Amino acid sequence: MMTPPLTETFEALLASDPAALGLSSGLTPTSMRLNDVTVAAAIRPATGLAPTLVFLHGWQDNLASFHSLIPMLPQDYGLLMFDWPGHGLSEHKAGDYHYPFFDYLDSLHQILHQTPCSQSENSQSEKTGPVILVGHSLGGLVASCYAASFPASIAGVISIEALGPIVEPEHKITERMAKSLNQRLNSVQKTPRLFDSAMKALQLRASINKVAGQLLMPLVARGIETCSHGVRWRHDPKLGGEPLYRMAPGHGESIIRAIECPVLAIRATDGYPALRSADAAQRATWFKQLTLIEIPGTHHCHLQQPQQTVSLITDFVTKIQTRT
């Protein structure tokens, strides 16, 4: 049962400026217009040639997933974070759209080319510091694929609870397509999940993620909204469906082998079992420059071990700065 002080803290957070929900101090809330959707974002410009960290959150999370890390990072670092389309405070995609994986890469590409941290768009007189992608779960999958596709633009990747893209054996493709299409058909009749209080939503996330409610408050506050019948999740319900397609193993290997920059992979002791499997051990050999660290916690280990996570990030970034 949640204690009264925790309830009061959460209610105070929910009463704050909607645009700044879940943001640490020093970040400026903003928005960016992509080709077909507006995304909510937060920025802090880098000082001089200091690095810019681009934070990519996980599936059905939002940018507040990184809330506890921000105050501990060096003040000269540039920071860019945003809610993926269909997540947090960002707009949902219109029509019968189901958020295929590769479109996250497109969103990231558009966002990076709207910000000063895009090295490829700057002339020598507008030189910027290195750009480093920090992705959790889905964000880590996107970061690895993007770094492989644009090796000259990305100086490093920090992947939390992810190790390259998700792949699936070729023979499973027809089974996956049938399952996904049937799921889409049936989802039309589903009613959105409602809670009679914000605390109930927080308690559910804490139970599912195996993370203390206090650590999840910023993420959940940004991820819920009040409606006429109670409280509901903000994210697009169509995010919940199985993907229609997943890459074959050979594609995943090609992507990992194409990553030129250093990669720091942080996995949890009680995170996704696949990241501690024999397949993951083989994947690790495909990276050119991989540092793999295991820390205590579950899938959201960066929330449970913020100080250790920030120490790993800053050590990794310092080494990149030394090289550049």
# chains A, B, ... in the order shown; residues from 1 in each chain; ligands from 1
>>> residues_around(residues="region 289-301 of chain A", least_positions_apart="3", cutoff="10 Å", atoms="only C-alpha atoms", output="VMD selection string")
chain A and resid 58 65 to 66 136 to 137 156 to 163 209 to 211 215 to 216 259 to 273 276 284 to 286 304 to 306 308 to 309 312 316
>>> select_by_dssp(residues="region 19-224 of chain A", states="strand (DSSP E)", output="PyMOL selection string")
chain A and resi 28-33+38-44+52-56+78-82+131-136+156-160+224
>>> closest_residue(among="A:Met247, A:Leu34, A:Leu239, A:Leu13", to="Ile111 (chain A)", atoms="only C-alpha atoms")
A:Leu34
>>> residues_around(residues="Ala50 (chain A)", least_positions_apart="4", cutoff="10 Å", atoms="only C-alpha atoms", output="list in words")
Pro45, Ala46, Pro74, Gln75, Asp76, Tyr77, Gly78, Thr128, Gly129, Pro130, Val131, Val317 and Gln321 of chain A
>>> write_last_selection(atoms="C-alpha atoms", output="compact mmCIF listing (two decimals), in the first residue's frame")
# COMPACT_ATOMS: atom_id res chain seq x y z
CA PRO A 45 22.16 23.25 -25.31
CA ALA A 46 25.72 22.02 -24.94
CA PRO A 74 27.79 17.24 -16.09
CA GLN A 75 26.24 20.69 -16.59
CA ASP A 76 28.08 21.36 -19.85
CA TYR A 77 26.53 18.35 -21.60
CA GLY A 78 23.88 19.14 -24.16
CA THR A 128 29.50 20.98 -32.48
CA GLY A 129 30.57 18.41 -29.94
CA PRO A 130 30.03 14.67 -30.36
CA VAL A 131 26.49 13.27 -30.50
CA VAL A 317 31.56 9.87 -22.70
CA GLN A 321 35.87 13.11 -25.77
>>> residues_around(residues="Tyr245 (chain A)", least_positions_apart="3", cutoff="10 Å", atoms="only C-alpha atoms", output="list in words")
Pro100, Phe101, Val167, Glu168, Lys172, Ile173, Thr174, Arg176, Met177, Ser180, Glu242 and Ala248 of chain A
>>> closest_residue(among="A:Asp96, A:Asp196, A:Glu175, A:Glu170", to="Pro237 (chain A)", atoms="only C-alpha atoms")
A:Asp96
>>> residues_around(residues="Thr30 (chain A)", least_positions_apart="3", cutoff="7 Å", atoms="only C-alpha atoms", output="list in words")
Ala40, Ala41 and Ala42 of chain A
>>> write_last_selection(atoms="N, CA, C and O atoms", output="tab-separated table (two decimals), in the first residue's frame")
chain	number	residue	atom	x	y	z
A	40	ALA	N	6.51	16.13	-28.41
A	40	ALA	CA	6.91	16.92	-27.25
A	40	ALA	C	8.36	16.59	-26.93
A	40	ALA	O	8.78	15.43	-26.99
A	41	ALA	N	9.14	17.61	-26.59
A	41	ALA	CA	10.57	17.40	-26.37
A	41	ALA	C	11.06	18.31	-25.25
A	41	ALA	O	10.33	19.16	-24.73
A	42	ALA	N	12.31	18.11	-24.87
A	42	ALA	CA	12.98	18.96	-23.89
A	42	ALA	C	14.45	19.05	-24.29
A	42	ALA	O	15.04	18.06	-24.72
